[in-house]
Structures are given as C-alpha cells and as structure tokens.
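This report concerns only the one structure given below.
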Amino acid sequence: PSGETLPRAVCPSCQTIHYENPKIVAGSIPEWEDKILLCRRAIEPRLGLWTFPAGFMELGESTEEAAARETLEEAHADIRIHTLFGIFSLPHVSQVYVIYRAHLQNLDFKPGPESLDVQLVSLTDIPWEHLAFPVIHESLTRYVKDIQAATPQTHSAIVPTQKPASFYSF
C-alpha cells in the first residue's frame, strides 16, 4: 500500500491488507510469602521443563484477564494481579510477553492439563537449569534481583536471539 515501508500481505482482488503481527503472551509470577508458583510443562514445546503460568491471549480479554486465566488453566490457582512486572519483546519469534506479579489467593492449586506438576518454590530453589524458555530465565533473573534488592521495578527488555545452547530455535 501507498506509504508503507514494510512488505504486507495484500489481497490482489480487493486490496485488503492482511496484517501479520506479533502474538501477545500474558503471564503471572504468583507469590505466596517468600515463594513463587512454578509449573512443569506437560506439553511441547519444552515438555517437562519449568515456567511460570503464561500463554497466548484470547480475543476480547485484557492482559490481566489472560494472565489470571492462564494461571487458573495451568495451575488451578486463583490469583489477584498485583502489578505489572515487565514487558519482554521476543522479535526472533514475533512474541511479546506481558508479565504480572500476582498474589495467590489460597494454597488450593494443582496441575492443570498443560502441567505435570505445580510447586511453590523459594527463590533459592528455582530450577535455573530446567527453565523452559529464555524469556522465563530472563524474567525470573530480574525478579530475584528485585526481591533481593527490595526494589521492585517494572521491566522492559528485548530477549536476545542468541539463546543458551540448551535451548532450541523455534
């Protein structure tokens, strides 16, 4: 189309532009006292590895609603969104993660269909070598630093395309 600087998918018959935009992933870091809730994935990609609850937004929901829904689906956990933790851009896979700090409303949680296990872990027991994705590692690294420094921040970062050798490309 006139004035566009990027190539776009355009219908040759009606000239309608079909935008291909990044996917938004919403998630939460559920907190209970000095621990956080992590889920062990029951699905690919990264089956058997750990993550905080997160997933793709559905049409018609806010990022907060998506984060709460994903937490309920993956961990049967009821949360109250506390504050925005960070926005992480993953240009190499065309995703944007919107992550919230959240308070677990109770300890009544269990694995959902997408989780093999769900556990509250202390910050010293985060399974760093068994985290599912680089963005989870980056987010939790920043989270731990914030907690240790007692200075919560709202983060914004680009997760680099260079991934540790243990991660595969999508």
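Chain labels run A, B, ... following the order of the structure tokens; each chain numbers its residues from 1, and ligands are numbered from 1 in the order shown.
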
From the DSSP assignment of the backbone, select every residue of stretch 98-150 of chain A that is strand (DSSP E), and format the answer as a PyMOL selection string. chain A and resi 98-104+115-122

Find the nearest atom pair between each residue of stretch 58-92 of chain A and stretch 14-33 of chain A for residues within 6 Å, count only C-alpha atoms, give distances in Å to one decimal, sort rows by chain and ascending number, and present the table as a Markdown table.
| residue | atom | partner | partner_atom | distance |
| --- | --- | --- | --- | --- |
| A:Thr63 | CA | A:Ala26 | CA | 5.7 |
| A:Ala66 | CA | A:Ala26 | CA | 5.8 |
| A:Ala67 | CA | A:Gly27 | CA | 4.3 |

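Nearest residue to A:His103, choosing from A:Glu4, A:Arg80, A:Asp146, A:Phe133 and counting only C-alpha atoms: A:Arg80.
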
Given the choices A:Ile43, A:Leu37, A:Met57, A:Leu49, which gets closest to A:Leu107 if the distance is worked out from only C-alpha atoms?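 Looking at the shortest contact to A:Leu107, the residue is A:Leu37.
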
Distance of atom CA of A:Ser62 from atom CA of A:Asp108, expressed in Å to one decimal place: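 So the answer is 24.7 Å.
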
Any idea what's packed within 10 Å of A:Val159, counting only C-alpha atoms, ignoring anything in its chain fewer than 5 positions away? Could you give it as an MDAnalysis selection string? chainID A and resid 88:92 96 134:139
